[in-house]
>>> print(open('coords15.cif').read())   # mmCIF, C-alpha atoms and all ligand atoms
data_upload
loop_
_atom_site.label_atom_id
_atom_site.label_comp_id
_atom_site.auth_asym_id
_atom_site.auth_seq_id
_atom_site.Cartn_x
_atom_site.Cartn_y
_atom_site.Cartn_z
CA MET A 12 -4.89 -39.94 10.55
CA ASN A 13 -6.31 -38.85 7.21
CA ARG A 14 -8.64 -41.85 7.19
CA PHE A 15 -9.81 -40.89 10.64
CA VAL A 16 -10.54 -37.29 9.57
CA VAL A 17 -12.46 -38.41 6.45
CA ARG A 18 -14.46 -40.90 8.51
CA SER A 19 -15.22 -38.26 11.13
CA VAL A 20 -16.42 -35.77 8.49
CA MET A 21 -18.66 -38.41 6.92
CA GLN A 22 -20.08 -39.30 10.31
CA GLY A 23 -20.58 -35.64 11.04
CA LEU A 24 -22.55 -35.25 7.82
CA ILE A 25 -24.75 -38.17 8.71
CA ASN A 26 -25.21 -37.30 12.35
CA GLY A 27 -25.59 -33.61 11.71
CA ARG A 28 -22.62 -32.72 13.78
CA SER A 29 -19.08 -31.77 13.11
CA TYR A 30 -17.01 -28.67 13.23
CA CYS A 31 -13.68 -27.88 14.56
CA ARG A 32 -13.44 -24.84 16.71
CA SER A 33 -10.80 -23.49 18.87
CA SER A 34 -10.48 -20.25 20.69
CA ILE A 35 -7.62 -18.29 22.02
CA SER A 36 -7.79 -16.50 25.29
CA ASN A 37 -5.44 -14.81 27.71
CA GLY A 38 -2.39 -16.41 26.21
CA GLN A 39 -3.97 -19.82 26.23
CA VAL A 40 -5.33 -21.90 23.41
CA TYR A 41 -8.12 -24.20 24.31
CA GLY A 42 -10.67 -26.38 22.61
CA ALA A 43 -14.25 -25.15 22.63
CA ALA A 44 -17.03 -26.93 24.43
CA ILE A 45 -18.50 -29.80 22.55
CA ALA A 46 -21.65 -31.78 22.25
CA GLY A 47 -21.69 -35.46 21.68
CA ARG A 48 -18.16 -36.59 21.24
CA SER A 49 -14.76 -35.10 21.39
CA MET A 50 -11.33 -35.79 20.15
CA GLN A 51 -8.06 -34.54 21.40
CA ILE A 52 -4.89 -34.49 19.45
CA CYS A 53 -1.67 -33.70 21.15
CA CYS A 54 1.74 -33.49 19.72
CA GLN A 55 5.01 -32.13 20.87
CA GLN A 56 7.27 -30.19 18.60
CA ASN A 57 10.36 -28.22 19.48
CA GLY A 58 9.40 -28.37 23.10
CA VAL A 59 5.99 -26.77 22.51
CA ILE A 60 2.86 -28.72 23.16
CA PHE A 61 -0.02 -28.17 20.76
CA SER A 62 -3.18 -29.69 21.89
CA GLY A 63 -6.78 -30.06 21.36
CA PHE A 64 -9.36 -29.74 18.72
CA GLU A 65 -12.80 -30.94 19.33
CA TRP A 66 -15.82 -31.64 17.28
CA ARG A 67 -18.77 -29.44 17.70
CA ARG A 68 -22.37 -29.26 16.50
CA MET A 69 -22.21 -28.70 12.77
CA MET A 70 -22.48 -25.11 11.63
CA SER A 71 -23.46 -23.89 15.07
CA SER A 72 -22.23 -20.40 15.69
CA ALA A 73 -23.36 -20.29 19.28
CA PRO A 74 -20.60 -19.68 21.78
CA PRO A 75 -19.89 -22.43 24.28
CA SER A 76 -22.10 -20.75 26.88
CA MET A 77 -25.06 -20.42 24.53
CA GLU A 78 -25.60 -23.91 23.16
CA LYS A 79 -29.29 -24.56 23.10
CA ALA A 80 -30.12 -27.52 20.89
CA PRO A 81 -32.77 -29.28 23.01
CA SER A 82 -31.41 -32.75 22.36
CA GLU A 83 -27.97 -31.71 23.48
CA LYS A 84 -28.93 -29.65 26.51
CA GLU A 85 -29.38 -32.58 28.84
CA GLU A 86 -26.20 -34.19 27.67
CA LYS A 87 -24.29 -30.95 28.08
CA LYS A 88 -25.44 -30.51 31.67
CA ASN A 89 -24.23 -33.97 32.54
CA ASN A 90 -20.92 -33.42 30.88
CA SER A 91 -20.29 -29.82 31.88
CA ALA A 92 -17.98 -30.70 34.77
CA THR A 93 -16.04 -33.08 32.59
CA GLU A 94 -15.81 -30.52 29.79
CA GLU A 95 -14.54 -27.88 32.15
CA LYS A 96 -11.88 -30.23 33.39
CA LYS A 97 -11.03 -31.23 29.86
CA GLY A 98 -10.79 -27.56 28.81
CA LYS A 99 -8.23 -26.97 31.53
CA GLU A 100 -6.28 -30.01 30.46
CA LEU A 101 -6.24 -28.74 26.88
CA SER A 102 -4.97 -25.30 27.76
CA LEU A 103 -1.41 -24.32 27.03
CA SER A 104 0.72 -21.24 26.93
CA SER A 105 0.78 -19.62 23.54
CA TYR A 106 4.27 -19.85 22.15
CA TRP A 107 3.28 -17.29 19.50
CA GLY A 108 2.19 -14.63 21.91
CA ILE A 109 -1.34 -14.63 20.53
CA SER A 110 -4.01 -13.79 23.02
CA ARG A 111 -7.48 -12.42 22.95
CA PRO A 112 -7.89 -9.21 24.90
CA LYS A 113 -10.84 -8.90 27.22
CA ILE A 114 -13.73 -7.78 25.07
CA THR A 115 -17.02 -6.65 26.50
CA ARG A 116 -20.39 -5.47 25.30
CA GLU A 117 -21.50 -1.88 25.89
CA ASP A 118 -23.18 -3.01 29.10
CA GLY A 119 -19.88 -4.45 30.39
CA THR A 120 -20.77 -8.12 29.96
CA ASP A 121 -18.24 -10.45 28.34
CA TRP A 122 -18.28 -10.68 24.56
CA PRO A 123 -18.98 -14.36 23.86
CA TRP A 124 -18.22 -14.56 20.14
CA ASN A 125 -15.00 -15.27 18.33
CA CYS A 126 -16.59 -15.30 14.87
CA PHE A 127 -17.32 -11.55 14.93
CA MET A 128 -16.38 -8.65 17.13
CA PRO A 129 -18.39 -5.73 18.56
CA TRP A 130 -16.94 -3.30 16.02
CA GLU A 131 -18.31 -5.43 13.20
CA THR A 132 -21.88 -5.22 14.47
CA TYR A 133 -24.41 -2.66 13.25
CA ARG A 134 -28.01 -1.55 13.25
CA ALA A 135 -29.66 -2.38 9.95
CA ASP A 136 -30.99 0.53 7.94
CA LEU A 137 -34.67 -0.37 7.79
CA SER A 138 -35.56 2.75 5.84
CA ILE A 139 -34.21 1.30 2.60
CA ASP A 140 -36.69 1.10 -0.28
CA LEU A 141 -37.60 -2.59 -0.63
CA LYS A 142 -39.51 -2.08 -3.87
CA LYS A 143 -36.66 -0.78 -6.03
CA HIS A 144 -36.28 -2.83 -9.17
CA HIS A 145 -33.94 -2.67 -12.12
CA VAL A 146 -36.09 -2.84 -15.22
CA PRO A 147 -34.30 -5.12 -17.71
CA LYS A 148 -33.19 -2.92 -20.60
CA ASN A 149 -30.92 -4.97 -22.81
CA PHE A 150 -30.14 -8.57 -23.66
CA VAL A 151 -27.79 -9.07 -20.70
CA ASP A 152 -30.36 -7.69 -18.25
CA LYS A 153 -33.16 -9.79 -19.70
CA PHE A 154 -31.03 -12.93 -19.69
CA ALA A 155 -30.10 -12.39 -16.03
CA TYR A 156 -33.67 -11.57 -15.04
CA ARG A 157 -35.25 -14.55 -16.80
CA THR A 158 -32.61 -16.96 -15.52
CA VAL A 159 -33.33 -15.88 -11.94
CA LYS A 160 -37.09 -16.15 -12.49
CA LEU A 161 -36.62 -19.60 -14.00
CA LEU A 162 -34.47 -20.79 -11.08
CA ARG A 163 -37.13 -19.59 -8.69
CA ILE A 164 -39.72 -22.10 -9.99
CA PRO A 165 -38.08 -25.35 -8.76
CA VAL A 166 -36.95 -23.64 -5.56
CA ASP A 167 -40.53 -22.56 -4.73
CA LEU A 168 -41.85 -26.00 -5.59
CA PHE A 169 -39.28 -27.68 -3.36
CA PHE A 170 -39.66 -25.48 -0.29
CA GLN A 171 -43.27 -24.25 -0.62
CA LYS A 172 -44.16 -22.79 2.80
CA ARG A 173 -41.06 -24.06 4.64
CA TYR A 174 -39.79 -20.49 4.93
CA GLY A 175 -37.00 -21.16 7.42
CA CYS A 176 -35.57 -23.99 5.42
CA HIS A 177 -35.87 -21.96 2.21
CA ALA A 178 -34.04 -19.03 3.79
CA MET A 179 -31.27 -21.23 5.15
CA MET A 180 -30.63 -22.88 1.80
CA LEU A 181 -30.84 -19.53 0.02
CA GLU A 182 -28.09 -18.16 2.23
CA THR A 183 -25.73 -21.02 1.44
CA VAL A 184 -25.92 -19.84 -2.17
CA ALA A 185 -26.08 -16.10 -1.52
CA ALA A 186 -22.75 -16.06 0.31
CA VAL A 187 -20.85 -17.35 -2.75
CA PRO A 188 -20.86 -14.46 -5.30
CA GLY A 189 -19.29 -11.82 -3.04
CA MET A 190 -16.44 -14.17 -2.20
CA VAL A 191 -15.83 -15.20 -5.82
CA ALA A 192 -16.03 -11.62 -7.13
CA GLY A 193 -13.84 -10.31 -4.29
CA MET A 194 -11.28 -13.06 -4.91
CA LEU A 195 -11.15 -12.37 -8.66
CA LEU A 196 -10.77 -8.63 -8.10
CA HIS A 197 -8.03 -9.38 -5.60
CA LEU A 198 -6.15 -11.44 -8.19
CA ARG A 199 -6.73 -8.76 -10.80
CA SER A 200 -5.30 -6.14 -8.46
CA LEU A 201 -2.18 -8.30 -8.04
CA ARG A 202 -1.84 -8.98 -11.75
CA LYS A 203 -2.30 -5.40 -12.86
CA PHE A 204 -0.53 -3.68 -9.96
CA GLN A 205 -3.70 -1.64 -9.49
CA GLN A 206 -5.78 -0.59 -6.54
CA SER A 207 -9.29 -1.96 -6.40
CA GLY A 208 -10.91 1.23 -5.19
CA GLY A 209 -12.24 -0.61 -2.15
CA TRP A 210 -14.37 -3.03 -4.14
CA ILE A 211 -12.53 -6.15 -2.92
CA LYS A 212 -13.36 -5.26 0.65
CA ALA A 213 -16.93 -4.25 -0.20
CA LEU A 214 -17.65 -7.57 -1.92
CA LEU A 215 -16.00 -9.62 0.83
CA GLU A 216 -18.08 -7.67 3.35
CA GLU A 217 -21.17 -8.76 1.44
CA ALA A 218 -20.06 -12.40 1.51
CA GLU A 219 -19.43 -12.21 5.24
CA ASN A 220 -22.79 -10.56 5.85
CA GLU A 221 -24.53 -13.35 3.90
CA ARG A 222 -22.62 -15.95 5.89
CA MET A 223 -23.83 -14.33 9.10
CA HIS A 224 -27.38 -14.65 7.75
CA LEU A 225 -26.68 -18.36 7.40
CA MET A 226 -25.13 -18.64 10.87
CA THR A 227 -28.32 -17.04 12.21
CA MET A 228 -30.66 -19.29 10.22
CA VAL A 229 -28.94 -22.49 11.38
CA GLU A 230 -29.74 -21.50 14.95
CA LEU A 231 -33.41 -21.57 13.95
CA VAL A 232 -33.56 -24.42 11.45
CA LYS A 233 -31.66 -27.67 11.71
CA PRO A 234 -30.73 -28.89 8.23
CA LYS A 235 -31.62 -32.47 7.43
CA TRP A 236 -29.02 -34.85 5.99
CA TYR A 237 -30.39 -34.60 2.44
CA GLU A 238 -30.37 -30.81 2.65
CA ARG A 239 -26.70 -30.95 3.62
CA LEU A 240 -26.03 -33.11 0.59
CA LEU A 241 -28.01 -30.72 -1.59
CA VAL A 242 -25.86 -27.82 -0.34
CA LEU A 243 -22.69 -29.74 -1.23
CA ALA A 244 -23.95 -30.39 -4.76
CA VAL A 245 -25.30 -26.88 -5.31
CA GLN A 246 -22.15 -25.26 -3.98
CA GLY A 247 -19.97 -27.37 -6.25
CA VAL A 248 -21.93 -26.31 -9.30
CA TYR A 249 -22.71 -22.73 -8.31
CA PHE A 250 -19.20 -21.73 -7.20
CA ASN A 251 -17.68 -22.93 -10.46
CA ALA A 252 -20.47 -21.56 -12.64
CA PHE A 253 -20.30 -18.15 -11.00
CA PHE A 254 -16.51 -18.12 -11.22
CA VAL A 255 -16.65 -18.71 -14.97
CA LEU A 256 -19.48 -16.21 -15.39
CA TYR A 257 -17.54 -13.51 -13.51
CA VAL A 258 -14.44 -14.09 -15.62
CA LEU A 259 -16.47 -13.88 -18.84
CA SER A 260 -18.85 -11.06 -17.95
CA PRO A 261 -18.72 -9.29 -14.58
CA LYS A 262 -21.59 -7.03 -15.59
CA LEU A 263 -23.84 -10.01 -16.23
CA ALA A 264 -22.66 -11.65 -13.00
CA HIS A 265 -23.47 -8.56 -10.90
CA ARG A 266 -26.81 -8.08 -12.67
CA PHE A 267 -27.66 -11.71 -11.97
CA VAL A 268 -26.85 -11.27 -8.28
CA GLY A 269 -28.86 -8.03 -8.22
CA TYR A 270 -31.94 -9.95 -9.39
CA LEU A 271 -31.21 -12.80 -6.97
CA GLU A 272 -31.24 -10.23 -4.17
CA GLU A 273 -34.58 -8.89 -5.41
CA GLU A 274 -35.93 -12.43 -5.11
CA ALA A 275 -34.40 -12.76 -1.64
CA ILE A 276 -36.34 -9.65 -0.56
CA HIS A 277 -39.49 -11.28 -1.91
CA SER A 278 -38.72 -14.56 -0.07
CA TYR A 279 -38.15 -12.79 3.25
CA THR A 280 -41.34 -10.76 2.75
CA GLU A 281 -43.23 -14.05 2.38
CA TYR A 282 -41.47 -15.33 5.51
CA LEU A 283 -42.65 -12.26 7.43
CA LYS A 284 -46.20 -12.74 6.15
CA GLY A 285 -46.03 -16.35 7.38
CA ILE A 286 -45.05 -15.08 10.85
CA GLU A 287 -47.82 -12.45 10.82
CA ARG A 288 -50.41 -15.03 9.78
CA GLY A 289 -49.30 -17.26 12.65
CA GLY A 290 -48.14 -20.06 10.35
CA VAL A 291 -44.61 -19.63 11.67
CA GLU A 292 -44.02 -19.24 15.40
CA ASN A 293 -42.45 -15.92 16.28
CA VAL A 294 -39.76 -17.42 18.50
CA PRO A 295 -37.15 -15.37 20.40
CA ALA A 296 -34.25 -14.17 18.27
CA PRO A 297 -31.05 -16.25 18.47
CA ALA A 298 -28.30 -14.75 20.63
CA ILE A 299 -26.00 -14.38 17.64
CA ALA A 300 -28.58 -12.21 15.84
CA ILE A 301 -29.15 -9.99 18.89
CA ASP A 302 -25.46 -9.21 19.10
CA TYR A 303 -24.75 -8.95 15.37
CA TRP A 304 -27.60 -6.53 14.55
CA ARG A 305 -27.62 -4.90 17.99
CA LEU A 306 -31.21 -5.94 18.51
CA PRO A 307 -33.03 -5.53 21.82
CA LYS A 308 -32.75 -8.49 24.18
CA ASP A 309 -36.44 -9.34 23.69
CA ALA A 310 -36.15 -9.33 19.87
CA THR A 311 -38.02 -12.04 17.99
CA LEU A 312 -37.75 -13.95 14.75
CA LYS A 313 -39.79 -11.23 13.05
CA ASP A 314 -37.17 -8.61 13.98
CA VAL A 315 -34.40 -10.86 12.67
CA ILE A 316 -36.10 -11.48 9.33
CA THR A 317 -36.80 -7.76 9.00
CA VAL A 318 -33.11 -6.84 9.39
CA ILE A 319 -31.96 -9.64 7.09
CA ARG A 320 -34.40 -8.41 4.44
CA ALA A 321 -32.95 -4.90 4.77
CA ASP A 322 -29.46 -6.37 4.24
CA GLU A 323 -30.67 -8.09 1.06
CA ALA A 324 -31.96 -4.76 -0.24
CA HIS A 325 -28.48 -3.28 0.28
CA HIS A 326 -26.89 -6.20 -1.58
CA ARG A 327 -29.37 -5.61 -4.41
CA ASP A 328 -28.27 -1.98 -4.70
CA VAL A 329 -24.56 -2.82 -4.57
CA ASN A 330 -24.78 -5.44 -7.31
CA HIS A 331 -27.02 -3.46 -9.67
CA PHE A 332 -24.73 -0.46 -9.10
CA ALA A 333 -21.68 -2.61 -9.94
CA SER A 334 -23.35 -3.81 -13.10
CA ASP A 335 -24.37 -0.25 -14.09
CA ILE A 336 -20.76 0.95 -13.71
CA GLN A 337 -19.57 -1.71 -16.10
CA PHE A 338 -22.39 -1.04 -18.56
CA GLN A 339 -21.07 2.50 -18.74
CA GLY A 340 -17.74 1.10 -19.95
CA LYS A 341 -15.94 1.79 -16.68
CA GLU A 342 -14.21 -0.42 -14.18
CA LEU A 343 -15.47 -0.89 -10.64
CA ARG A 344 -12.45 0.91 -9.21
CA ASP A 345 -13.52 4.05 -11.10
CA ALA A 346 -16.57 4.38 -8.85
CA PRO A 347 -16.75 4.70 -5.08
CA ALA A 348 -16.93 1.29 -3.42
CA PRO A 349 -19.95 0.92 -1.15
CA LEU A 350 -17.88 0.13 1.93
CA GLY A 351 -19.98 -0.33 5.03
CA TYR A 352 -23.17 0.10 2.97
CA ARG A 353 -25.72 -1.88 4.93
FE FE A 401 -28.73 -13.17 2.87
FE FE A 402 -28.06 -10.86 -0.09
#
>>> encode(input="coords15.cif", output="structure tokens")
Amino acid sequence: MNRFVVRSVMQGLINGRSYCRSSISNGQVYGAAIAGRSMQICCQQNGVIFSGFEWRRMMSSAPPSMEKAPSEKEEKKNNSATEEKKGKELSLSSYWGISRPKITREDGTDWPWNCFMPWETYRADLSIDLKKHHVPKNFVDKFAYRTVKLLRIPVDLFFQKRYGCHAMMLETVAAVPGMVAGMLLHLRSLRKFQQSGGWIKALLEEAENERMHLMTMVELVKPKWYERLLVLAVQGVYFNAFFVLYVLSPKLAHRFVGYLEEEAIHSYTEYLKGIERGGVENVPAPAIAIDYWRLPKDATLKDVITVIRADEAHHRDVNHFASDIQFQGKELRDAPAPLGYR
């Protein structure tokens, strides 16, 4: 079994498809629609049948009804009847009493996402000042600033004008610090029997928001196999490096992320310029972006990049603020956590 899973993951990496997804609805658990191939695992335990997980297009966040990869469209049409039948076969009564209530959009249509809910969506604050910059004042600031500027050189050389690809890879990195910092503050709260002042939630919110940026970008850009490998390598290094950095110096870690966010604003501004110049086609916004940022139905890529850039500006403020608190000799929990600041 383990050998099969490892082989499937490797094949998924090579073929650009894998992902296990299941959804729960009306007291029934069923496997999501798939593209390409599927696998069903059934087992019986204590009289309860657990069934079904299926492989799905890698990193796709589109709901079953919104799959739109051109190469898979044809295949999906042909297989839709079979999939529907298979879905019914996979369904079972939930022994645990877990069910998803009927969730609808404001206009009464069914909510198609399981990865986020309507109450987690928002309208980005586009009035935020994009030009704010923390002028490096001391050694820690200068070290963080120069490290970020140095890292930017190879990244720019690698991606050049491939804005979409650049943004997608950037988001795989950007979603790490909030999770690491939130996790470490969580452990600290447990160790010290202290409240976090809301900072755990605020930082995890940031990580989730960055991950949604990535889920949006993968609907627009399909990562190549070597980019997937690059993400694996970078994540391995970056997660561990940031973990150590945060343990040693949270104020440096937050300052570093603050400058990374300043660079992200710059990158998305370049992306927008590319769209305005006509170098990048202003395609319709992915469905996930329209629902997540409550964009109009006719929103385009330009609208999506504009709201993502506004998010990055909020992350910049949160991280520079966190660093400033610690430079003043205080702990994060001494200051109000920027919950819902976006
Ligand atoms: Fe982001
Ligand atoms: Fe960000």
>>> atom_distance(input="coords15.cif", atom1="atom CA of Pro234 of chain A", atom2="atom CA of Val315 of chain A")
18.9 Å
>>> residues_near_point(input="coords15.cif", point="(-35.5, -13.0, 8.0)", cutoff="10 Å", atoms="only C-alpha atoms", output="PyMOL selection string")
chain A and resi 174-175+178-179+224+227-228+275-276+278-283+312-323
>>> residues_near_ligand(input="coords15.cif", ligand="ligand FE 402 (chain A)", cutoff="6 Å", atoms="all atoms listed in the file", output="list of chain:residue names")
A:Ala185, A:Glu221, A:Glu272, A:Glu323, A:His326
>>> atom_distance(input="coords15.cif", atom1="atom CA of His331 of chain A", atom2="atom CA of Ala135 of chain A")
19.8 Å
>>> residues_around(input="coords15.cif", residues="segment 192-196 of chain A", least_positions_apart="4", cutoff="10 Å", atoms="only C-alpha atoms", output="ChimeraX atom specification")
/A:187-188,200-202,206-207,210-218,253-254,257-258,261,264-265,343-344
>>> write_last_selection(input="coords15.cif", atoms="C-alpha atoms", output="PDB file, keeping the file's coordinate frame")
ATOM      1  CA  VAL A 187     -20.850 -17.350  -2.750  1.00  0.00           C
ATOM      2  CA  PRO A 188     -20.860 -14.460  -5.300  1.00  0.00           C
ATOM      3  CA  SER A 200      -5.300  -6.140  -8.460  1.00  0.00           C
ATOM      4  CA  LEU A 201      -2.180  -8.300  -8.040  1.00  0.00           C
ATOM      5  CA  ARG A 202      -1.840  -8.980 -11.750  1.00  0.00           C
ATOM      6  CA  GLN A 206      -5.780  -0.590  -6.540  1.00  0.00           C
ATOM      7  CA  SER A 207      -9.290  -1.960  -6.400  1.00  0.00           C
ATOM      8  CA  TRP A 210     -14.370  -3.030  -4.140  1.00  0.00           C
ATOM      9  CA  ILE A 211     -12.530  -6.150  -2.920  1.00  0.00           C
ATOM     10  CA  LYS A 212     -13.360  -5.260   0.650  1.00  0.00           C
ATOM     11  CA  ALA A 213     -16.930  -4.250  -0.200  1.00  0.00           C
ATOM     12  CA  LEU A 214     -17.650  -7.570  -1.920  1.00  0.00           C
ATOM     13  CA  LEU A 215     -16.000  -9.620   0.830  1.00  0.00           C
ATOM     14  CA  GLU A 216     -18.080  -7.670   3.350  1.00  0.00           C
ATOM     15  CA  GLU A 217     -21.170  -8.760   1.440  1.00  0.00           C
ATOM     16  CA  ALA A 218     -20.060 -12.400   1.510  1.00  0.00           C
ATOM     17  CA  PHE A 253     -20.300 -18.150 -11.000  1.00  0.00           C
ATOM     18  CA  PHE A 254     -16.510 -18.120 -11.220  1.00  0.00           C
ATOM     19  CA  TYR A 257     -17.540 -13.510 -13.510  1.00  0.00           C
ATOM     20  CA  VAL A 258     -14.440 -14.090 -15.620  1.00  0.00           C
ATOM     21  CA  PRO A 261     -18.720  -9.290 -14.580  1.00  0.00           C
ATOM     22  CA  ALA A 264     -22.660 -11.650 -13.000  1.00  0.00           C
ATOM     23  CA  HIS A 265     -23.470  -8.560 -10.900  1.00  0.00           C
ATOM     24  CA  LEU A 343     -15.470  -0.890 -10.640  1.00  0.00           C
ATOM     25  CA  ARG A 344     -12.450   0.910  -9.210  1.00  0.00           C
TER      26      ARG A 344
END
>>> closest_residue(input="coords15.cif", among="A:Met223, A:Ala186, A:Val329, A:Val242", to="Glu131 of chain A", atoms="only C-alpha atoms")
A:Met223
>>> closest_residue(input="coords15.cif", among="A:Ser334, A:Ser260, A:Thr132, A:Gln339", to="Pro147 of chain A", atoms="only C-alpha atoms")
A:Ser334
>>> atom_distance(input="coords15.cif", atom1="atom CA of Asp121 of chain A", atom2="atom CA of Leu306 of chain A")
16.9 Å
>>> closest_residue(input="coords15.cif", among="A:Arg353, A:Phe170, A:Ile301, A:Val268", to="Ile139 of chain A", atoms="only C-alpha atoms")
A:Arg353
>>> closest_residue(input="coords15.cif", among="A:Leu181, A:Val151, A:Cys126, A:Ala348", to="ligand FE 401 (chain A)", atoms="all atoms listed in the file")
A:Leu181
>>> closest_residue(input="coords15.cif", among="A:Arg239, A:Lys153, A:Lys142, A:Lys113", to="Arg327 of chain A", atoms="all atoms listed in the file")
A:Lys142
>>> residues_around(input="coords15.cif", residues="Asp328 of chain A", least_positions_apart="4", cutoff="8 Å", atoms="all atoms listed in the file", output="short mmCIF file (atom, residue, chain, number, x, y, z; two decimals) with C-alpha atoms, keeping the file's coordinate frame")
data_model
loop_
_atom_site.label_atom_id
_atom_site.label_comp_id
_atom_site.auth_asym_id
_atom_site.auth_seq_id
_atom_site.Cartn_x
_atom_site.Cartn_y
_atom_site.Cartn_z
CA GLY A 269 -28.86 -8.03 -8.22
CA ALA A 324 -31.96 -4.76 -0.24
CA PHE A 332 -24.73 -0.46 -9.10
#
>>> closest_residue(input="coords15.cif", among="A:Gly189, A:Pro349, A:Gly108, A:Gly119", to="ligand FE 401 (chain A)", atoms="all atoms listed in the file")
A:Gly189
>>> decode(input="coords15.cif", residues="segment 155-201 of chain A", atoms="C-alpha atoms", output="short mmCIF file (atom, residue, chain, number, x, y, z; two decimals), in the first residue's frame")
data_model
loop_
_atom_site.label_atom_id
_atom_site.label_comp_id
_atom_site.auth_asym_id
_atom_site.auth_seq_id
_atom_site.Cartn_x
_atom_site.Cartn_y
_atom_site.Cartn_z
CA ALA A 155 17.11 42.01 6.64
CA TYR A 156 16.81 44.62 3.90
CA ARG A 157 20.04 43.69 2.13
CA THR A 158 19.33 39.97 2.35
CA VAL A 159 15.96 40.48 0.66
CA LYS A 160 17.51 42.71 -2.02
CA LEU A 161 20.22 40.10 -2.60
CA LEU A 162 17.68 37.27 -2.92
CA ARG A 163 15.77 39.32 -5.45
CA ILE A 164 18.66 39.27 -7.97
CA PRO A 165 18.62 35.53 -8.86
CA VAL A 166 14.82 35.47 -8.70
CA ASP A 167 14.55 38.32 -11.24
CA LEU A 168 17.15 36.69 -13.46
CA PHE A 169 15.32 33.36 -13.38
CA PHE A 170 11.80 34.63 -14.05
CA GLN A 171 12.46 37.85 -16.00
CA LYS A 172 9.10 38.79 -17.57
CA ARG A 173 7.29 35.55 -16.71
CA TYR A 174 5.14 37.42 -14.20
CA GLY A 175 2.58 34.68 -13.60
CA CYS A 176 5.19 32.06 -12.94
CA HIS A 177 7.12 34.45 -10.71
CA ALA A 178 4.01 35.23 -8.69
CA MET A 179 3.10 31.58 -8.30
CA MET A 180 6.55 30.63 -7.04
CA LEU A 181 6.65 33.68 -4.78
CA GLU A 182 3.44 32.57 -3.10
CA THR A 183 4.79 29.10 -2.33
CA VAL A 184 7.42 30.87 -0.23
CA ALA A 185 5.24 33.68 1.12
CA ALA A 186 2.80 31.29 2.78
CA VAL A 187 5.52 29.78 5.01
CA PRO A 188 6.44 32.52 7.56
CA GLY A 189 2.93 33.09 8.93
CA MET A 190 2.52 29.37 9.55
CA VAL A 191 5.94 28.97 11.20
CA ALA A 192 5.53 32.09 13.36
CA GLY A 193 1.95 31.15 14.30
CA MET A 194 3.04 27.62 15.19
CA LEU A 195 5.93 28.84 17.36
CA LEU A 196 3.70 31.34 19.17
CA HIS A 197 1.18 28.56 19.69
CA LEU A 198 3.84 26.38 21.33
CA ARG A 199 5.05 29.32 23.38
CA SER A 200 1.51 29.95 24.60
CA LEU A 201 1.31 26.30 25.71
#
